[in-house]
Amino acid sequence: MFVPGLLRDLPQPTLAVVVIAASLSLTDLPATRRLFRVRRTEFVLSATAALGVVVLGVLPGMAVTVALSAANVFRRAWWPYRAVLGRVPGLPGFHDLRSHPDAEQLPGCLLVRHDAPLFFANARTFREWIDGLVRDDPDVRWVVVAAEPVTDIDTTAVDMLRELAEALHRNERHLVFAELKDPVRQDVERAGLTTAFDSAHLYPTIDAAVDAFRERTGAQWRSVDG
């Protein structure tokens, strides 16, 4: 800053070494290895940012990285984690069948969980997922959505749920919600969604929904493999 001509006569390779050394000091290799071990998606974004800066320059490279990060956020919103749940003997609660393939299920009662808000970006894929599960198990009578992770339901999702509930009802099936958060439940009621299904099918807990189903049908828990 104060002696700009001091480095003017240094050979360019020497200046390059100075720049490279400064760049390496900004590189956190242990953190990069941790990203690779813990979350591959973030590692790819980190590597892309570094490559973009080297190839395109600082501003274009960062712009590409921001765009990819935004796309990753939309990808996770579009296809959030979803699970079919079952009961594991000796383990409280209801658990993902992928993690507990030996879990028990209740014949005729499909327990599912959607780990994201329900909104326009994932409403269609949610409907397709439920339709596929019901198609694979024609004996399903209740589709119980463990809704605690659902922090919002927008108007597009409300319309989808209404159509889904009506389609299920035509085949003598019911759409049931458990553990809806109070603000979400109020939105659902204001949108008139409860007119599409029995308002009694809003249960405070999954256990309450399961107990109600068992009381009506007499179903007993059984293992997934029969």
# chains A, B, ... in the order shown; residues from 1 in each chain; ligands from 1
>>> residues_around(residues="Gly52 in chain A", least_positions_apart="3", cutoff="12 Å", atoms="only C-alpha atoms", output="list of chain:residue names")
A:Val44, A:Leu45, A:Ser46, A:Ala47, A:Thr48, A:Ala49, A:Val55, A:Leu56, A:Gly57, A:Val58, A:Leu59, A:Pro60, A:Gly61, A:Met62, A:Ala63, A:Val64, A:Thr65, A:Val66, A:Ala67, A:Leu68
>>> closest_atom_pairs(of="range 95-197 of chain A", to="range 77-83 of chain A", cutoff="7 Å", atoms="only C-alpha atoms", output="tab-separated table")
residue	atom	partner	partner_atom	distance
A:Asp96	CA	A:Ala83	CA	5.6
A:Val112	CA	A:Ala83	CA	5.7
A:Arg113	CA	A:Ala83	CA	5.2
A:His114	CA	A:Arg82	CA	4.7
A:Asp115	CA	A:Tyr81	CA	5.5
A:Ala116	CA	A:Pro80	CA	6.1
A:Ala121	CA	A:Trp78	CA	5.3
A:Asn122	CA	A:Trp78	CA	4.7
>>> residues_around(residues="Tyr203 in chain A", least_positions_apart="3", cutoff="7 Å", atoms="only C-alpha atoms", output="count of residues only")
5
>>> atom_distance(atom1="CA of Pro117 in chain A", atom2="CA of Asp154 in chain A")
8.5 Å
>>> closest_residue(among="A:Thr41, A:Thr156, A:Ser223, A:Gln12", to="Arg76 in chain A", atoms="only C-alpha atoms")
A:Thr41
>>> closest_residue(among="A:Asn171, A:Ser99, A:Thr194, A:Thr14", to="Leu85 in chain A", atoms="only C-alpha atoms")
A:Ser99
>>> residues_around(residues="Asp182 in chain A", least_positions_apart="2", cutoff="12 Å", atoms="only C-alpha atoms", output="number ranges by chain")
A: 147-148, 150-152, 178-180, 184-189, 202-204
>>> write_last_selection(atoms="N, CA, C and O atoms", output="short mmCIF file (atom, residue, chain, number, x, y, z; two decimals), in the first residue's frame")
data_model
loop_
_atom_site.label_atom_id
_atom_site.label_comp_id
_atom_site.auth_asym_id
_atom_site.auth_seq_id
_atom_site.Cartn_x
_atom_site.Cartn_y
_atom_site.Cartn_z
N ALA A 147 -47.19 -35.95 10.95
CA ALA A 147 -47.00 -34.61 10.39
C ALA A 147 -46.18 -33.67 11.25
O ALA A 147 -46.13 -32.47 10.96
N GLU A 148 -45.53 -34.15 12.29
CA GLU A 148 -44.75 -33.25 13.13
C GLU A 148 -43.67 -32.49 12.34
O GLU A 148 -43.45 -31.30 12.58
N VAL A 150 -43.85 -31.44 9.36
CA VAL A 150 -44.47 -30.56 8.38
C VAL A 150 -44.73 -29.21 9.04
O VAL A 150 -45.66 -29.05 9.82
N THR A 151 -43.91 -28.22 8.72
CA THR A 151 -44.00 -26.92 9.38
C THR A 151 -44.89 -25.94 8.62
O THR A 151 -45.18 -24.85 9.13
N ASP A 152 -45.35 -26.32 7.43
CA ASP A 152 -46.21 -25.42 6.66
C ASP A 152 -46.91 -26.23 5.58
O ASP A 152 -46.38 -27.23 5.09
N ALA A 178 -51.55 -37.01 12.11
CA ALA A 178 -51.18 -37.10 13.52
C ALA A 178 -50.07 -36.10 13.80
O ALA A 178 -49.17 -35.91 12.98
N GLU A 179 -50.15 -35.45 14.94
CA GLU A 179 -49.11 -34.54 15.42
C GLU A 179 -48.97 -33.28 14.57
O GLU A 179 -47.88 -32.72 14.46
N LEU A 180 -50.06 -32.82 13.97
CA LEU A 180 -50.01 -31.54 13.26
C LEU A 180 -49.73 -30.41 14.25
O LEU A 180 -50.36 -30.33 15.30
N VAL A 184 -50.14 -24.99 11.81
CA VAL A 184 -50.44 -25.69 10.56
C VAL A 184 -51.87 -26.19 10.58
O VAL A 184 -52.60 -26.10 9.57
N ARG A 185 -52.30 -26.71 11.71
CA ARG A 185 -53.68 -27.19 11.83
C ARG A 185 -54.66 -26.04 11.62
O ARG A 185 -55.68 -26.20 10.94
N GLN A 186 -54.35 -24.87 12.15
CA GLN A 186 -55.22 -23.71 11.96
C GLN A 186 -55.29 -23.31 10.49
O GLN A 186 -56.37 -22.98 9.97
N ASP A 187 -54.15 -23.37 9.80
CA ASP A 187 -54.14 -23.07 8.36
C ASP A 187 -54.99 -24.08 7.60
O ASP A 187 -55.73 -23.72 6.67
N VAL A 188 -54.86 -25.35 7.97
CA VAL A 188 -55.63 -26.40 7.32
C VAL A 188 -57.13 -26.18 7.52
O VAL A 188 -57.93 -26.31 6.58
N GLU A 189 -57.50 -25.82 8.72
CA GLU A 189 -58.92 -25.59 9.00
C GLU A 189 -59.44 -24.35 8.29
O GLU A 189 -60.57 -24.35 7.76
N LEU A 202 -57.87 -35.99 12.81
CA LEU A 202 -56.72 -35.17 13.17
C LEU A 202 -56.35 -35.55 14.60
O LEU A 202 -56.99 -35.10 15.55
N TYR A 203 -55.36 -36.40 14.74
CA TYR A 203 -55.03 -36.95 16.06
C TYR A 203 -53.82 -36.24 16.65
O TYR A 203 -52.89 -35.85 15.92
N PRO A 204 -53.79 -36.09 17.97
CA PRO A 204 -52.67 -35.39 18.61
C PRO A 204 -51.36 -36.15 18.54
O PRO A 204 -50.29 -35.55 18.57
#
>>> select_by_dssp(residues="range 49-209 of chain A", states="alpha helix (DSSP H)", output="ChimeraX atom specification")
/A:49-56,58-78,123-136,155-170,182-190,206-209
>>> atom_distance(atom1="CA of Arg135 in chain A", atom2="CA of Arg98 in chain A")
19.3 Å
>>> closest_residue(among="A:Val18, A:Leu97, A:Leu161, A:Val145", to="Arg124 in chain A", atoms="only C-alpha atoms")
A:Leu161
>>> select_by_dssp(residues="range 12-225 of chain A", states="strand (DSSP E)", output="NGL selection string")
:A and (82-88 or 91-96 or 104-105 or 109-114 or 142-146 or 174-178 or 202-203 or 222-223)
>>> write_last_selection(atoms="N, CA, C and O atoms", output="CSV table (one decimal), in the first residue's frame")
chain,number,residue,atom,x,y,z
A,82,ARG,N,-38.6,-39.0,3.0
A,82,ARG,CA,-39.8,-39.5,3.3
A,82,ARG,C,-39.6,-41.0,3.8
A,82,ARG,O,-38.7,-41.6,3.4
A,83,ALA,N,-40.5,-41.4,4.7
A,83,ALA,CA,-40.3,-42.7,5.2
A,83,ALA,C,-41.7,-43.4,5.5
A,83,ALA,O,-42.7,-42.7,5.8
A,84,VAL,N,-41.7,-44.7,5.4
A,84,VAL,CA,-42.8,-45.5,5.9
A,84,VAL,C,-42.4,-46.0,7.3
A,84,VAL,O,-41.2,-46.4,7.5
A,85,LEU,N,-43.2,-45.9,8.3
A,85,LEU,CA,-42.9,-46.2,9.6
A,85,LEU,C,-43.5,-47.5,10.1
A,85,LEU,O,-44.5,-48.0,9.6
A,86,GLY,N,-42.8,-48.0,11.1
A,86,GLY,CA,-43.3,-49.3,11.8
A,86,GLY,C,-42.9,-49.2,13.2
A,86,GLY,O,-42.2,-48.3,13.7
A,87,ARG,N,-43.4,-50.3,13.9
A,87,ARG,CA,-43.1,-50.4,15.4
A,87,ARG,C,-42.0,-51.4,15.6
A,87,ARG,O,-42.0,-52.5,15.1
A,88,VAL,N,-41.0,-51.0,16.4
A,88,VAL,CA,-39.9,-51.9,16.7
A,88,VAL,C,-40.1,-52.3,18.1
A,88,VAL,O,-40.1,-51.5,19.1
A,91,LEU,N,-38.5,-50.7,21.4
A,91,LEU,CA,-37.9,-49.4,21.1
A,91,LEU,C,-39.1,-48.4,21.0
A,91,LEU,O,-40.0,-48.6,20.1
A,92,PRO,N,-39.2,-47.4,21.9
A,92,PRO,CA,-40.4,-46.5,21.9
A,92,PRO,C,-40.5,-45.8,20.6
A,92,PRO,O,-39.5,-45.5,19.9
A,93,GLY,N,-41.7,-45.5,20.2
A,93,GLY,CA,-42.0,-44.7,19.0
A,93,GLY,C,-42.2,-45.5,17.8
A,93,GLY,O,-42.3,-46.7,17.8
A,94,PHE,N,-42.2,-44.8,16.6
A,94,PHE,CA,-42.3,-45.4,15.3
A,94,PHE,C,-41.1,-45.0,14.5
A,94,PHE,O,-40.7,-43.9,14.5
A,95,HIS,N,-40.6,-46.0,13.7
A,95,HIS,CA,-39.3,-45.9,13.1
A,95,HIS,C,-39.3,-46.2,11.6
A,95,HIS,O,-40.2,-47.0,11.1
A,96,ASP,N,-38.4,-45.6,10.9
A,96,ASP,CA,-38.2,-45.8,9.5
A,96,ASP,C,-37.9,-47.3,9.1
A,96,ASP,O,-37.0,-47.9,9.7
A,104,GLU,N,-42.4,-53.9,12.8
A,104,GLU,CA,-43.8,-54.4,12.7
A,104,GLU,C,-44.7,-53.4,12.0
A,104,GLU,O,-44.5,-52.2,12.3
A,105,GLN,N,-45.6,-53.8,11.2
A,105,GLN,CA,-46.6,-52.9,10.7
A,105,GLN,C,-48.0,-53.4,11.0
A,105,GLN,O,-48.2,-54.5,11.4
A,109,CYS,N,-53.1,-50.2,7.9
A,109,CYS,CA,-52.8,-48.9,8.4
A,109,CYS,C,-51.4,-48.5,7.9
A,109,CYS,O,-50.4,-49.1,8.3
A,110,LEU,N,-51.3,-47.5,7.0
A,110,LEU,CA,-50.0,-47.1,6.4
A,110,LEU,C,-49.6,-45.9,7.1
A,110,LEU,O,-50.2,-44.8,7.1
A,111,LEU,N,-48.4,-46.0,7.8
A,111,LEU,CA,-47.9,-44.9,8.6
A,111,LEU,C,-46.7,-44.3,7.8
A,111,LEU,O,-45.8,-45.0,7.4
A,112,VAL,N,-46.8,-43.0,7.5
A,112,VAL,CA,-45.8,-42.4,6.7
A,112,VAL,C,-45.4,-41.1,7.3
A,112,VAL,O,-46.1,-40.5,8.1
A,113,ARG,N,-44.2,-40.6,6.9
A,113,ARG,CA,-43.6,-39.4,7.5
A,113,ARG,C,-43.0,-38.6,6.3
A,113,ARG,O,-42.3,-39.1,5.5
A,114,HIS,N,-43.3,-37.3,6.3
A,114,HIS,CA,-42.7,-36.4,5.3
A,114,HIS,C,-41.9,-35.3,6.0
A,114,HIS,O,-42.5,-34.5,6.7
A,142,TRP,N,-56.3,-46.9,6.1
A,142,TRP,CA,-56.0,-45.6,6.6
A,142,TRP,C,-54.5,-45.2,6.2
A,142,TRP,O,-53.6,-46.1,6.2
A,143,VAL,N,-54.4,-44.0,5.7
A,143,VAL,CA,-53.0,-43.4,5.4
A,143,VAL,C,-52.8,-42.4,6.5
A,143,VAL,O,-53.4,-41.3,6.5
A,144,VAL,N,-52.0,-42.7,7.5
A,144,VAL,CA,-51.7,-41.9,8.6
A,144,VAL,C,-50.4,-41.1,8.4
A,144,VAL,O,-49.3,-41.7,8.2
A,145,VAL,N,-50.5,-39.8,8.2
A,145,VAL,CA,-49.3,-39.0,8.0
A,145,VAL,C,-48.8,-38.5,9.4
A,145,VAL,O,-49.5,-37.7,10.1
A,146,ALA,N,-47.6,-38.9,9.7
A,146,ALA,CA,-46.9,-38.4,10.9
A,146,ALA,C,-46.4,-37.0,10.6
A,146,ALA,O,-45.4,-36.8,10.0
A,174,HIS,N,-59.1,-43.7,4.1
A,174,HIS,CA,-59.1,-42.4,4.8
A,174,HIS,C,-57.7,-41.8,4.9
A,174,HIS,O,-56.7,-42.5,5.1
A,175,LEU,N,-57.7,-40.5,4.7
A,175,LEU,CA,-56.4,-39.7,5.0
A,175,LEU,C,-56.5,-39.2,6.4
A,175,LEU,O,-57.4,-38.5,6.8
A,176,VAL,N,-55.4,-39.5,7.2
A,176,VAL,CA,-55.4,-39.2,8.6
A,176,VAL,C,-54.1,-38.5,8.9
A,176,VAL,O,-53.1,-38.8,8.4
A,177,PHE,N,-54.2,-37.4,9.8
A,177,PHE,CA,-53.0,-36.7,10.2
A,177,PHE,C,-52.8,-36.9,11.7
A,177,PHE,O,-53.8,-36.9,12.5
A,178,ALA,N,-51.5,-37.0,12.1
A,178,ALA,CA,-51.2,-37.1,13.5
A,178,ALA,C,-50.1,-36.1,13.8
A,178,ALA,O,-49.2,-35.9,13.0
A,202,LEU,N,-57.9,-36.0,12.8
A,202,LEU,CA,-56.7,-35.2,13.2
A,202,LEU,C,-56.4,-35.6,14.6
A,202,LEU,O,-57.0,-35.1,15.6
A,203,TYR,N,-55.4,-36.4,14.7
A,203,TYR,CA,-55.0,-36.9,16.1
A,203,TYR,C,-53.8,-36.2,16.7
A,203,TYR,O,-52.9,-35.8,15.9
A,222,ARG,N,-47.9,-56.9,13.1
A,222,ARG,CA,-47.2,-58.1,12.5
A,222,ARG,C,-45.9,-57.6,11.9
A,222,ARG,O,-45.8,-56.5,11.5
A,223,SER,N,-45.0,-58.5,11.7
A,223,SER,CA,-43.7,-58.1,11.1
A,223,SER,C,-43.9,-57.9,9.6
A,223,SER,O,-44.8,-58.4,9.0
>>> residues_around(residues="Thr195 in chain A", least_positions_apart="2", cutoff="12 Å", atoms="only C-alpha atoms", output="PyMOL selection string")
chain A and resi 158-159+161-163+165-166+188-193+197-201
>>> atom_distance(atom1="CA of Val210 in chain A", atom2="CA of Met160 in chain A")
24.1 Å
>>> residues_around(residues="Ala31 in chain A", least_positions_apart="6", cutoff="12 Å", atoms="only C-alpha atoms", output="VMD selection string")
chain A and resid 37 to 39 42 to 43 46 to 47
